[in-house]
$ cat model02.txt   # compact mmCIF, C-alpha atoms and all ligand atoms
# COMPACT_ATOMS: atom_id res chain seq x y z
CA MET G 1377 12.56 26.31 8.87
CA SER G 1378 9.55 24.31 10.04
CA ASP G 1379 10.28 20.83 11.34
CA ARG G 1380 7.36 19.37 9.40
CA LEU G 1381 8.33 16.51 7.07
CA PRO G 1382 7.40 17.46 3.49
CA GLY G 1383 4.32 15.77 2.05
CA PHE G 1384 4.13 13.78 -1.16
CA ALA G 1385 3.15 16.65 -3.48
CA THR G 1386 5.96 18.81 -2.08
CA LEU G 1387 8.50 16.01 -2.61
CA ALA G 1388 7.21 15.50 -6.17
CA VAL G 1389 8.14 19.11 -6.97
CA HIS G 1390 11.26 19.62 -4.85
CA ALA G 1391 13.02 16.41 -3.76
CA GLY G 1392 16.61 16.23 -4.98
CA ALA G 1393 16.56 19.64 -6.67
CA GLN G 1394 17.93 23.05 -5.75
CA PRO G 1395 18.71 26.19 -7.73
CA ASP G 1396 21.81 25.61 -9.85
CA PRO G 1397 24.76 26.82 -7.72
CA THR G 1398 26.61 28.50 -10.59
CA THR G 1399 23.81 30.03 -12.70
CA GLY G 1400 20.81 30.20 -10.34
CA ALA G 1401 18.71 28.25 -12.86
CA ARG G 1402 15.55 27.17 -10.99
CA ALA G 1403 14.56 24.23 -13.19
CA THR G 1404 17.05 21.37 -13.08
CA PRO G 1405 19.48 21.90 -15.99
CA ILE G 1406 20.09 19.19 -18.57
CA TYR G 1407 23.76 18.33 -18.05
CA GLN G 1408 24.22 17.12 -21.61
CA THR G 1409 27.83 16.04 -21.21
CA THR G 1410 29.48 12.66 -21.43
CA SER G 1411 32.25 13.33 -18.92
CA PHE G 1412 33.41 15.49 -16.01
CA VAL G 1413 36.80 17.10 -15.29
CA PHE G 1414 38.68 15.80 -12.22
CA ASN G 1415 40.09 18.28 -9.66
CA ASP G 1416 43.46 16.51 -9.72
CA ALA G 1417 45.01 13.04 -10.00
CA ASP G 1418 44.16 12.07 -6.40
CA HIS G 1419 40.52 13.07 -6.89
CA ALA G 1420 40.40 10.96 -10.06
CA ALA G 1421 41.89 7.95 -8.30
CA SER G 1422 39.51 8.20 -5.35
CA LEU G 1423 36.47 8.42 -7.65
CA PHE G 1424 37.58 5.31 -9.54
CA GLY G 1425 38.29 3.45 -6.29
CA LEU G 1426 34.82 4.32 -4.84
CA GLN G 1427 36.48 6.25 -1.98
CA ALA G 1428 34.67 9.44 -3.03
CA PHE G 1429 31.31 10.17 -4.66
CA GLY G 1430 31.33 12.33 -7.77
CA ASN G 1431 30.82 12.47 -11.48
CA ILE G 1432 33.10 10.57 -13.84
CA TYR G 1433 31.23 9.62 -17.01
CA THR G 1434 27.51 9.73 -17.83
CA ARG G 1435 27.25 5.96 -18.30
CA ILE G 1436 27.85 5.69 -14.52
CA GLY G 1437 26.09 8.85 -13.32
CA ASN G 1438 25.01 12.35 -14.33
CA PRO G 1439 23.83 15.37 -12.26
CA THR G 1440 20.43 15.63 -14.02
CA ASN G 1441 19.85 11.91 -13.51
CA ALA G 1442 20.95 12.27 -9.88
CA VAL G 1443 18.06 14.68 -9.18
CA LEU G 1444 15.65 12.15 -10.68
CA GLU G 1445 17.17 9.38 -8.55
CA GLU G 1446 16.88 11.37 -5.34
CA ARG G 1447 13.32 12.41 -6.14
CA VAL G 1448 12.02 8.90 -6.84
CA ALA G 1449 13.88 7.48 -3.81
CA ALA G 1450 12.11 10.12 -1.67
CA LEU G 1451 8.69 9.42 -3.18
CA GLU G 1452 9.10 5.65 -2.66
CA GLY G 1453 10.65 5.92 0.81
CA GLY G 1454 13.90 4.21 -0.23
CA THR G 1455 17.53 4.93 0.72
CA ALA G 1456 18.82 5.48 -2.84
CA ALA G 1457 17.90 4.92 -6.48
CA LEU G 1458 19.52 4.34 -9.85
CA ALA G 1459 18.02 5.65 -13.09
CA VAL G 1460 18.52 3.58 -16.25
CA ALA G 1461 17.42 3.67 -19.89
CA SER G 1462 14.14 1.75 -19.58
CA GLY G 1463 12.00 -0.35 -17.29
CA HIS G 1464 13.41 -3.50 -18.86
CA ALA G 1465 16.96 -2.29 -18.27
CA ALA G 1466 16.06 -1.81 -14.58
CA GLN G 1467 14.94 -5.45 -14.39
CA VAL G 1468 18.15 -6.78 -15.98
CA VAL G 1469 20.39 -4.65 -13.78
CA VAL G 1470 18.56 -5.69 -10.58
CA LEU G 1471 18.69 -9.40 -11.32
CA GLN G 1472 22.30 -9.29 -12.48
CA GLN G 1473 23.30 -8.34 -8.91
CA LEU G 1474 21.40 -11.32 -7.48
CA MET G 1475 21.64 -14.19 -9.94
CA GLN G 1476 24.39 -16.61 -10.94
CA PRO G 1477 23.91 -19.04 -13.85
CA GLY G 1478 21.64 -21.87 -12.73
CA ASP G 1479 19.83 -19.74 -10.12
CA GLU G 1480 16.08 -19.29 -9.98
CA PHE G 1481 13.71 -16.44 -9.24
CA ILE G 1482 9.99 -16.67 -8.63
CA ALA G 1483 7.75 -14.32 -10.62
CA ALA G 1484 4.04 -13.64 -10.46
CA ARG G 1485 2.33 -14.96 -13.57
CA LYS G 1486 0.35 -11.73 -14.00
CA LEU G 1487 2.95 -9.37 -15.46
CA TYR G 1488 3.52 -6.90 -18.25
CA GLY G 1489 3.77 -8.98 -21.47
CA GLY G 1490 7.27 -7.68 -22.18
CA SER G 1491 8.45 -8.87 -18.75
CA ILE G 1492 7.04 -12.35 -19.42
CA ASN G 1493 9.07 -12.44 -22.65
CA GLN G 1494 12.22 -11.04 -20.99
CA PHE G 1495 12.06 -13.54 -18.14
CA THR G 1496 11.17 -16.54 -20.31
CA HIS G 1497 13.57 -16.07 -23.21
CA ALA G 1498 16.32 -13.47 -22.66
CA PHE G 1499 17.02 -14.38 -19.04
CA LYS G 1500 17.08 -18.07 -19.90
CA SER G 1501 20.05 -17.38 -22.16
CA PHE G 1502 21.90 -16.00 -19.08
CA GLY G 1503 21.12 -19.21 -17.19
CA TRP G 1504 18.56 -17.40 -14.96
CA ASN G 1505 15.50 -19.58 -14.52
CA VAL G 1506 12.09 -18.06 -13.85
CA VAL G 1507 9.58 -20.11 -11.84
CA TRP G 1508 6.00 -18.84 -12.18
CA ALA G 1509 3.58 -18.45 -9.27
CA ASP G 1510 0.00 -17.25 -9.04
CA PRO G 1511 -0.39 -13.89 -7.24
CA ASP G 1512 -3.92 -14.91 -6.22
CA ASP G 1513 -2.57 -18.04 -4.48
CA ILE G 1514 0.11 -17.04 -1.95
CA ALA G 1515 0.91 -20.70 -1.20
CA SER G 1516 2.06 -21.12 -4.82
CA PHE G 1517 4.98 -18.78 -4.01
CA GLU G 1518 5.88 -20.83 -0.95
CA ARG G 1519 5.80 -24.06 -2.96
CA ALA G 1520 8.08 -22.54 -5.62
CA VAL G 1521 10.95 -21.78 -3.19
CA THR G 1522 14.08 -23.94 -3.61
CA PRO G 1523 17.69 -23.58 -2.36
CA ARG G 1524 18.50 -21.84 -5.69
CA THR G 1525 15.78 -19.17 -5.32
CA LYS G 1526 17.38 -15.70 -5.25
CA ALA G 1527 14.41 -13.31 -5.50
CA ILE G 1528 10.66 -12.92 -5.82
CA PHE G 1529 9.28 -10.52 -8.45
CA ILE G 1530 5.72 -9.14 -8.51
CA GLU G 1531 3.77 -6.13 -9.82
CA SER G 1532 1.87 -4.03 -7.23
CA ILE G 1533 -0.99 -3.36 -9.63
CA ALA G 1534 -0.62 -6.11 -12.18
CA ASN G 1535 -0.87 -6.02 -15.94
CA PRO G 1536 -3.03 -6.35 -17.85
CA ALA G 1537 -6.17 -6.45 -15.70
CA GLY G 1538 -5.17 -3.97 -12.98
CA SER G 1539 -5.42 -6.63 -10.27
CA ILE G 1540 -4.03 -5.73 -6.83
CA THR G 1541 -1.29 -7.91 -5.37
CA ASP G 1542 -1.16 -8.77 -1.67
CA ILE G 1543 2.36 -7.37 -1.23
CA GLU G 1544 2.54 -8.01 2.54
CA ALA G 1545 1.61 -11.68 2.22
CA ILE G 1546 4.24 -12.25 -0.49
CA SER G 1547 6.85 -10.28 1.46
CA THR G 1548 6.31 -12.71 4.34
CA VAL G 1549 7.12 -15.60 1.98
CA ALA G 1550 10.24 -13.77 0.75
CA ARG G 1551 11.41 -13.05 4.31
CA LYS G 1552 10.98 -16.71 5.27
CA ALA G 1553 12.92 -17.82 2.19
CA GLY G 1554 15.70 -15.27 2.92
CA VAL G 1555 15.36 -13.59 -0.49
CA PRO G 1556 14.49 -10.01 -1.46
CA LEU G 1557 11.04 -9.03 -2.72
CA ILE G 1558 11.23 -6.96 -5.93
CA VAL G 1559 8.08 -4.99 -6.75
CA ASP G 1560 7.42 -3.46 -10.17
CA ASN G 1561 5.41 -0.39 -9.11
CA THR G 1562 4.90 1.02 -12.61
CA LEU G 1563 1.10 0.88 -12.78
CA ALA G 1564 0.52 2.22 -9.26
CA SER G 1565 3.27 4.84 -9.00
CA PRO G 1566 4.24 5.82 -5.45
CA TYR G 1567 1.22 8.14 -5.38
CA LEU G 1568 -1.10 5.12 -5.09
CA ILE G 1569 1.12 2.47 -3.46
CA ARG G 1570 4.51 2.62 -1.73
CA PRO G 1571 5.62 -1.04 -1.77
CA ILE G 1572 8.49 -0.44 0.70
CA ASP G 1573 5.87 0.42 3.35
CA HIS G 1574 4.47 -3.09 2.77
CA GLY G 1575 7.74 -5.07 2.90
CA ALA G 1576 9.34 -4.67 -0.55
CA ASP G 1577 13.16 -4.69 -0.56
CA ILE G 1578 13.60 -3.34 -4.10
CA VAL G 1579 11.20 -1.31 -6.23
CA VAL G 1580 11.53 -1.01 -10.01
CA HIS G 1581 9.69 1.25 -12.42
CA SER G 1582 9.22 1.86 -16.04
CA LEU G 1583 9.48 5.68 -15.84
CA THR G 1584 8.12 5.58 -19.38
CA LYS G 1585 4.62 5.22 -17.94
CA PHE G 1586 2.87 7.23 -15.18
CA LEU G 1587 5.98 8.78 -13.58
CA GLY G 1588 7.10 10.45 -16.82
CA GLY G 1589 3.44 10.45 -17.67
CA HIS G 1590 3.33 12.08 -21.11
CA GLY G 1591 4.28 9.26 -23.46
CA ASN G 1592 7.42 11.06 -24.64
CA SER G 1593 10.48 9.51 -22.93
CA LEU G 1594 11.69 6.03 -22.04
CA GLY G 1595 13.31 5.47 -18.68
CA GLY G 1596 13.57 3.08 -15.78
CA ILE G 1597 14.57 3.25 -12.14
CA ILE G 1598 15.64 0.96 -9.30
CA VAL G 1599 14.90 1.96 -5.69
CA ASP G 1600 16.80 0.34 -2.81
CA ALA G 1601 14.74 0.05 0.37
CA GLY G 1602 17.93 -0.50 2.38
CA THR G 1603 16.21 -3.28 4.32
CA PHE G 1604 17.86 -6.48 3.11
CA ASP G 1605 20.90 -8.10 4.74
CA TRP G 1606 22.95 -9.21 1.73
CA SER G 1607 25.57 -10.99 3.85
CA ALA G 1608 23.23 -13.47 5.55
CA GLY G 1609 23.42 -16.94 4.09
CA GLY G 1610 26.19 -16.20 1.57
CA LYS G 1611 23.67 -16.11 -1.27
CA TYR G 1612 24.66 -12.77 -2.77
CA PRO G 1613 28.42 -12.75 -3.45
CA MET G 1614 28.20 -9.61 -5.66
CA LEU G 1615 27.26 -7.67 -2.52
CA SER G 1616 28.96 -9.56 0.28
CA GLU G 1617 32.30 -10.73 -1.21
CA PRO G 1618 35.38 -8.64 -2.09
CA ARG G 1619 35.07 -7.02 -5.54
CA PRO G 1620 38.23 -7.52 -7.59
CA GLU G 1621 37.36 -4.54 -9.87
CA TYR G 1622 37.34 -2.17 -6.85
CA HIS G 1623 40.50 -3.10 -4.89
CA GLY G 1624 38.68 -5.90 -3.04
CA ILE G 1625 36.07 -3.81 -1.21
CA ARG G 1626 32.86 -5.50 -0.05
CA LEU G 1627 29.85 -3.42 -1.13
CA GLN G 1628 27.53 -4.19 1.79
CA GLU G 1629 30.29 -3.64 4.36
CA THR G 1630 31.29 -0.32 2.74
CA PHE G 1631 27.92 1.13 1.74
CA GLY G 1632 25.49 -0.37 4.28
CA ASN G 1633 21.84 0.35 3.62
CA PHE G 1634 22.37 1.64 0.08
CA ALA G 1635 24.78 -1.12 -1.04
CA PHE G 1636 22.28 -2.54 -3.48
CA ALA G 1637 21.83 0.77 -5.31
CA ILE G 1638 25.64 1.11 -5.45
CA ALA G 1639 26.01 -2.43 -6.84
CA CYS G 1640 23.44 -1.66 -9.53
CA ARG G 1641 25.45 1.44 -10.51
CA VAL G 1642 29.07 0.30 -10.26
CA LEU G 1643 28.64 -3.33 -11.34
CA GLY G 1644 25.38 -3.24 -13.33
CA LEU G 1645 25.09 0.07 -15.15
CA ARG G 1646 28.85 0.52 -15.53
CA ASP G 1647 29.33 -2.87 -17.19
CA LEU G 1648 26.00 -3.51 -18.96
CA GLY G 1649 25.70 0.11 -20.09
CA PRO G 1650 21.96 1.02 -20.31
CA ALA G 1651 22.42 4.65 -19.20
CA LEU G 1652 19.51 7.11 -19.20
CA SER G 1653 19.92 10.18 -21.39
CA PRO G 1654 19.98 13.37 -19.23
CA PHE G 1655 17.42 14.84 -21.64
CA ASN G 1656 15.01 12.00 -20.82
CA ALA G 1657 15.74 12.48 -17.11
CA PHE G 1658 14.73 16.15 -17.50
CA MET G 1659 11.48 15.24 -19.28
CA ILE G 1660 10.63 12.64 -16.64
CA LEU G 1661 11.45 15.02 -13.75
CA THR G 1662 9.09 17.58 -15.27
CA GLY G 1663 6.42 14.89 -15.49
CA ILE G 1664 6.87 13.84 -11.86
CA GLU G 1665 6.12 17.37 -10.63
CA THR G 1666 2.45 16.85 -11.57
CA LEU G 1667 2.25 13.14 -10.64
CA PRO G 1668 -0.22 13.59 -7.74
CA LEU G 1669 -2.58 15.74 -9.86
CA ARG G 1670 -2.41 13.49 -12.90
CA MET G 1671 -2.67 10.22 -11.01
CA GLN G 1672 -5.80 11.29 -9.15
CA LYS G 1673 -7.45 12.39 -12.42
CA HIS G 1674 -6.38 9.11 -14.13
CA CYS G 1675 -8.02 7.14 -11.31
CA ASP G 1676 -11.21 9.21 -11.20
CA ASN G 1677 -11.63 8.94 -14.98
CA ALA G 1678 -10.89 5.21 -14.97
CA LYS G 1679 -13.53 4.60 -12.32
CA ALA G 1680 -16.15 6.54 -14.32
CA VAL G 1681 -15.26 4.63 -17.51
CA ALA G 1682 -15.35 1.27 -15.67
CA GLU G 1683 -18.78 2.10 -14.22
CA PHE G 1684 -20.06 2.97 -17.70
CA LEU G 1685 -18.71 -0.26 -19.23
CA ALA G 1686 -20.10 -2.39 -16.41
CA THR G 1687 -23.65 -1.51 -17.49
CA HIS G 1688 -23.07 -1.70 -21.27
CA PRO G 1689 -24.95 -4.48 -23.13
CA ALA G 1690 -21.95 -5.35 -25.40
CA VAL G 1691 -19.69 -5.91 -22.38
CA SER G 1692 -19.67 -9.24 -20.54
CA ALA G 1693 -17.28 -8.33 -17.68
CA VAL G 1694 -15.19 -5.45 -16.32
CA ASN G 1695 -12.07 -6.11 -14.23
CA TYR G 1696 -11.51 -2.91 -12.28
CA ALA G 1697 -10.46 -3.19 -8.65
CA GLY G 1698 -12.15 0.14 -7.91
CA LEU G 1699 -15.63 -1.33 -8.51
CA PRO G 1700 -17.34 -2.49 -5.29
CA GLY G 1701 -18.11 -6.01 -6.58
CA ASP G 1702 -14.61 -6.65 -7.97
CA ARG G 1703 -12.62 -9.56 -6.51
CA TYR G 1704 -9.69 -7.21 -5.80
CA ASN G 1705 -11.78 -4.46 -4.21
CA ALA G 1706 -10.81 -5.34 -0.62
CA LEU G 1707 -7.09 -5.38 -1.56
CA GLN G 1708 -7.55 -2.07 -3.40
CA ARG G 1709 -9.06 -0.43 -0.33
CA LYS G 1710 -6.13 -1.72 1.75
CA TYR G 1711 -3.20 -0.97 -0.60
CA ALA G 1712 -4.43 1.78 -2.92
CA PRO G 1713 -7.20 3.69 -1.13
CA LYS G 1714 -6.78 6.81 -3.32
CA GLY G 1715 -7.72 4.87 -6.44
CA ALA G 1716 -7.29 1.63 -8.36
CA GLY G 1717 -5.09 3.06 -11.09
CA ALA G 1718 -6.00 3.69 -14.71
CA VAL G 1719 -5.15 0.41 -16.44
CA PHE G 1720 -7.79 -2.31 -16.54
CA THR G 1721 -9.46 -4.80 -18.83
CA PHE G 1722 -12.97 -5.65 -19.87
CA SER G 1723 -14.41 -8.50 -21.91
CA LEU G 1724 -16.65 -8.26 -24.95
CA LYS G 1725 -19.56 -10.57 -25.60
CA GLY G 1726 -18.44 -10.66 -29.27
CA GLY G 1727 -15.06 -12.29 -28.41
CA TYR G 1728 -11.80 -11.90 -30.40
CA ASP G 1729 -13.41 -10.28 -33.48
CA ALA G 1730 -15.28 -7.73 -31.38
CA GLY G 1731 -11.99 -6.82 -29.65
CA VAL G 1732 -10.21 -6.26 -32.96
CA SER G 1733 -13.16 -4.24 -34.27
CA LEU G 1734 -13.44 -2.04 -31.16
CA VAL G 1735 -9.81 -0.89 -31.25
CA SER G 1736 -10.23 0.14 -34.88
CA LYS G 1737 -13.40 2.19 -34.24
CA LEU G 1738 -12.25 4.20 -31.22
CA GLN G 1739 -11.20 7.76 -32.09
CA LEU G 1740 -10.08 9.45 -28.88
CA PHE G 1741 -8.42 6.30 -27.50
CA SER G 1742 -5.19 5.61 -29.42
CA HIS G 1743 -4.56 2.00 -30.40
CA LEU G 1744 -1.00 1.37 -29.27
CA ALA G 1745 1.23 -0.63 -26.93
CA ASN G 1746 1.77 1.71 -24.00
CA VAL G 1747 0.13 2.75 -20.75
CA GLY G 1748 0.39 5.74 -18.44
CA ASP G 1749 0.14 8.52 -21.01
CA THR G 1750 -1.97 11.70 -20.51
CA ARG G 1751 -3.86 10.42 -23.58
CA SER G 1752 -6.28 7.49 -23.33
CA LEU G 1753 -4.95 4.29 -24.89
CA VAL G 1754 -6.41 0.95 -25.91
CA ILE G 1755 -5.05 -2.41 -26.95
CA HIS G 1756 -6.35 -5.90 -27.63
CA PRO G 1757 -3.68 -7.98 -25.80
CA ALA G 1758 -4.54 -11.34 -27.43
CA SER G 1759 -3.64 -10.04 -30.91
CA THR G 1760 -0.64 -7.92 -29.79
CA THR G 1761 1.30 -7.85 -26.48
CA HIS G 1762 0.26 -11.36 -25.42
CA SER G 1763 0.04 -12.93 -28.90
CA GLN G 1764 3.17 -15.05 -28.25
CA LEU G 1765 1.38 -16.98 -25.47
CA ASP G 1766 -0.81 -20.01 -26.15
CA ASP G 1767 -4.53 -19.72 -25.33
CA ALA G 1768 -4.28 -21.26 -21.87
CA ALA G 1769 -1.38 -18.98 -20.89
CA LYS G 1770 -3.25 -15.96 -22.32
CA ILE G 1771 -6.24 -16.68 -20.12
CA LYS G 1772 -4.04 -17.36 -17.07
CA SER G 1773 -2.30 -14.02 -17.48
CA GLY G 1774 -5.63 -12.20 -17.89
CA ALA G 1775 -5.38 -11.65 -21.66
CA GLY G 1776 -8.00 -13.99 -23.09
CA PRO G 1777 -9.25 -13.52 -26.72
CA ASP G 1778 -12.29 -11.39 -25.69
CA VAL G 1779 -10.27 -9.04 -23.45
CA VAL G 1780 -9.55 -5.37 -24.22
CA ARG G 1781 -7.15 -3.29 -22.09
CA LEU G 1782 -7.55 0.44 -21.48
CA SER G 1783 -5.16 2.99 -20.06
CA VAL G 1784 -7.47 5.85 -19.19
CA GLY G 1785 -6.00 9.32 -19.69
CA ILE G 1786 -6.70 12.72 -18.17
CA GLU G 1787 -9.15 14.06 -20.77
CA ASP G 1788 -12.78 14.90 -19.86
CA LYS G 1789 -14.41 11.65 -18.79
CA GLU G 1790 -17.63 12.47 -20.69
CA ASP G 1791 -15.65 12.52 -23.96
CA LEU G 1792 -14.01 9.16 -23.20
CA ILE G 1793 -17.37 7.56 -22.42
CA ALA G 1794 -18.91 8.99 -25.61
CA ASP G 1795 -16.05 7.57 -27.68
CA LEU G 1796 -16.41 4.10 -26.16
CA ASP G 1797 -20.16 4.26 -26.60
CA GLN G 1798 -19.96 5.04 -30.35
CA ALA G 1799 -17.33 2.33 -30.92
CA LEU G 1800 -19.29 -0.32 -28.99
CA ARG G 1801 -22.49 0.51 -30.92
CA ALA G 1802 -20.80 0.32 -34.34
C1 LIG H 1901 6.30 -0.84 -19.74
C2 LIG H 1901 6.50 -1.68 -18.57
C3 LIG H 1901 7.74 -2.28 -18.32
C4 LIG H 1901 8.93 -2.11 -19.25
O1 LIG H 1901 9.32 -0.79 -19.29
P1 LIG H 1901 10.07 -0.12 -20.55
O2 LIG H 1901 10.33 1.27 -20.07
O3 LIG H 1901 9.13 -0.19 -21.71
O4 LIG H 1901 11.30 -0.92 -20.79
C5 LIG H 1901 7.88 -3.05 -17.19
N1 LIG H 1901 6.85 -3.24 -16.35
C6 LIG H 1901 5.64 -2.68 -16.55
C7 LIG H 1901 4.54 -2.93 -15.58
C8 LIG H 1901 5.42 -1.88 -17.67
O5 LIG H 1901 4.21 -1.33 -17.87
$ encode --input "model02.txt" --output "structure tokens"
Amino acid sequence: MSDRLPGFATLAVHAGAQPDPTTGARATPIYQTTSFVFNDADHAASLFGLQAFGNIYTRIGNPTNAVLEERVAALEGGTAALAVASGHAAQVVVLQQLMQPGDEFIAARKLYGGSINQFTHAFKSFGWNVVWADPDDIASFERAVTPRTKAIFIESIANPAGSITDIEAISTVARKAGVPLIVDNTLASPYLIRPIDHGADIVVHSLTKFLGGHGNSLGGIIVDAGTFDWSAGGKYPMLSEPRPEYHGIRLQETFGNFAFAIACRVLGLRDLGPALSPFNAFMILTGIETLPLRMQKHCDNAKAVAEFLATHPAVSAVNYAGLPGDRYNALQRKYAPKGAGAVFTFSLKGGYDAGVSLVSKLQLFSHLANVGDTRSLVIHPASTTHSQLDDAAKIKSGAGPDVVRLSVGIEDKEDLIADLDQALRA
């Protein structure tokens, strides 16, 4: 055995997996079972009391999902992970461990449209109050901190314009406030950015996007960096206080640097119930094996498409952090030197009507509400994902009426450029 630590591409193929001990199957089997037989009554009791690790019921854990969890934890540099049914489920489960009714969390204003809705409406009904801050103005995060602040939530590469967030600067604010920094790393994937290396305490993903990568399976994951002291300040009773449902154990005291991942599983997933299907875990694991190859091709294609659009007479602006003149280019070179991702926006001189017309004329780009597929995708946020926002909020979140968002796929870049060219001419 060499003592070399495995590199990223090796981890993407192997982390968490080994040949099946009973059959020798080399690919990770789909353990399509709801439940698992106990060895004996003592074994059953110790599993239920959290004195032993093992499989009980697929809502709480499953061996196929466990391989996915170990693999993403390895790729992100975390201590443990928990797979759930979707990216949105990951966000609910994370915040449920941190928030009591009446508490606040600070969120960057530039977010996936669905997260803006979830935070504004659904979370409000739980008594969780979101306070918005501007990721381009670090002081706005500092000003938003109050004694009720329990977390800060940002995206590493932010929807919809692919802007790059200064994770280290915001992690300094979080540290000072004594709250964890949660980073949604969906658009970057750990191939481009590993937020834990820059001070994130928790990473969440929609596995539905680049990690799964093929537009065929929903999933989400929570990665615990193992860095946060949940007992300091008495702010996080779910982690620091005795749990009545588990014979009074304290999760941080018992599980140390993976207590947060355990809390998400045994308090969040167990009770809220958004379990990931083992079939979806299998599909996503298969996708992750080619993540480094796909992600590099996504980035290279996106850069070529952005360069083409930047010189096109129908286009008034291109927001792609990989272009030298872009306002996020310096942050991109610091945080994501391998590429600026594949999701970005551009503006049309023809405004709202030109945006609606363009999406209808493209042939290779599919008009739909998703990103991170092998296929190239397009959407006009103002008439779809961001249509609930008023005009000022649309512009603030980067989704003004003239803005079109692309998720550039892994086809031949010449074909993508030709498709855009014909649709822009029409
Ligand atoms: C899609 C997405 C989500 C939500 O994920 P689902 O799997 O659709 O629930 C959250 N954040 C970002 C950045 C996304 O792109």
$ closest_residue --input "model02.txt" --among "G:Leu1738, G:Val1681, G:Val1580, G:Val1506" --to "ligand LIG 1901 (chain H)" --atoms "all atoms listed in the file"
G:Val1580
$ closest_atom_pairs --input "model02.txt" --of "chain G" --to "ligand LIG 1901 (chain H)" --cutoff "6 Å" --atoms "all atoms listed in the file" --output "Markdown table"
| residue | atom | partner | partner_atom | distance |
| --- | --- | --- | --- | --- |
| G:Ser1462 | CA | H:LIG1901 | O2 | 3.9 |
| G:Gly1463 | CA | H:LIG1901 | O1 | 3.4 |
| G:His1464 | CA | H:LIG1901 | O4 | 3.9 |
| G:Tyr1488 | CA | H:LIG1901 | C7 | 4.9 |
| G:Thr1562 | CA | H:LIG1901 | C7 | 5.0 |
| G:Leu1563 | CA | H:LIG1901 | C7 | 5.8 |
| G:Ser1582 | CA | H:LIG1901 | O1 | 4.2 |
| G:Thr1584 | CA | H:LIG1901 | O2 | 4.9 |
| G:Leu1594 | CA | H:LIG1901 | O2 | 5.3 |
| G:Gly1595 | CA | H:LIG1901 | O2 | 5.3 |
| G:Gly1596 | CA | H:LIG1901 | O2 | 5.7 |
$ write_last_selection --input "model02.txt" --atoms "C-alpha atoms" --output "PDB file, keeping the file's coordinate frame"
ATOM      1  CA  SER G1462      14.140   1.750 -19.580  1.00  0.00           C
ATOM      2  CA  GLY G1463      12.000  -0.350 -17.290  1.00  0.00           C
ATOM      3  CA  HIS G1464      13.410  -3.500 -18.860  1.00  0.00           C
ATOM      4  CA  TYR G1488       3.520  -6.900 -18.250  1.00  0.00           C
ATOM      5  CA  THR G1562       4.900   1.020 -12.610  1.00  0.00           C
ATOM      6  CA  LEU G1563       1.100   0.880 -12.780  1.00  0.00           C
ATOM      7  CA  SER G1582       9.220   1.860 -16.040  1.00  0.00           C
ATOM      8  CA  THR G1584       8.120   5.580 -19.380  1.00  0.00           C
ATOM      9  CA  LEU G1594      11.690   6.030 -22.040  1.00  0.00           C
ATOM     10  CA  GLY G1595      13.310   5.470 -18.680  1.00  0.00           C
ATOM     11  CA  GLY G1596      13.570   3.080 -15.780  1.00  0.00           C
TER      12      GLY G1596
END
$ atom_distance --input "model02.txt" --atom1 "atom CA of Ser1491 of chain G" --atom2 "atom CA of Gly1591 of chain G"
19.2 Å
$ residues_near_point --input "model02.txt" --point "(-13.5, 5.2, -14.6)" --cutoff "12 Å" --atoms "all atoms listed in the file" --output "PyMOL selection string"
chain G and resi 1672-1686+1694-1699+1715-1721+1752+1782-1790+1792-1793+1796
$ residues_around --input "model02.txt" --residues "segment 1654-1669 of chain G" --least-positions-apart "4" --cutoff "10 Å" --atoms "only C-alpha atoms" --output "JSON, numbers by chain"
{"G": [1384, 1385, 1386, 1387, 1388, 1389, 1390, 1391, 1393, 1403, 1404, 1405, 1406, 1407, 1408, 1409, 1410, 1434, 1437, 1438, 1439, 1440, 1441, 1442, 1443, 1444, 1445, 1447, 1448, 1451, 1459, 1460, 1461, 1565, 1566, 1567, 1568, 1583, 1584, 1585, 1586, 1587, 1588, 1589, 1590, 1591, 1592, 1593, 1594, 1595, 1596, 1673, 1674, 1786]}
$ atom_distance --input "model02.txt" --atom1 "atom CA of Asp1797 of chain G" --atom2 "atom CA of Ile1771 of chain G"
26.0 Å
$ atom_distance --input "model02.txt" --atom1 "atom CA of Ala1564 of chain G" --atom2 "atom CA of Ser1532 of chain G"
6.7 Å
$ residues_around --input "model02.txt" --residues "segment 1481-1487 of chain G" --least-positions-apart "4" --cutoff "6 Å" --atoms "all atoms listed in the file" --output "list of chain:residue names"
G:Val1506, G:Val1507, G:Trp1508, G:Ala1509, G:Asp1510, G:Pro1511, G:Thr1525, G:Lys1526, G:Ala1527, G:Ile1528, G:Phe1529, G:Ile1530, G:Ala1534, G:Asn1535, G:Ser1773
$ residues_around --input "model02.txt" --residues "Val1470 of chain G" --least-positions-apart "5" --cutoff "8 Å" --atoms "only C-alpha atoms" --output "short mmCIF file (atom, residue, chain, number, x, y, z; two decimals) with C-alpha atoms, in the coordinates of the input"
data_model
loop_
_atom_site.label_atom_id
_atom_site.label_comp_id
_atom_site.auth_asym_id
_atom_site.auth_seq_id
_atom_site.Cartn_x
_atom_site.Cartn_y
_atom_site.Cartn_z
CA ILE G 1598 15.64 0.96 -9.30
CA CYS G 1640 23.44 -1.66 -9.53
CA GLY G 1644 25.38 -3.24 -13.33
#
$ closest_residue --input "model02.txt" --among "G:Ile1572, G:Val1779, G:Ala1520, G:Thr1687" --to "Ala1449 of chain G" --atoms "only C-alpha atoms"
G:Ile1572
$ closest_residue --input "model02.txt" --among "G:Phe1429, G:Arg1570, G:Glu1518, G:Ala1420" --to "Pro1713 of chain G" --atoms "only C-alpha atoms"
G:Arg1570
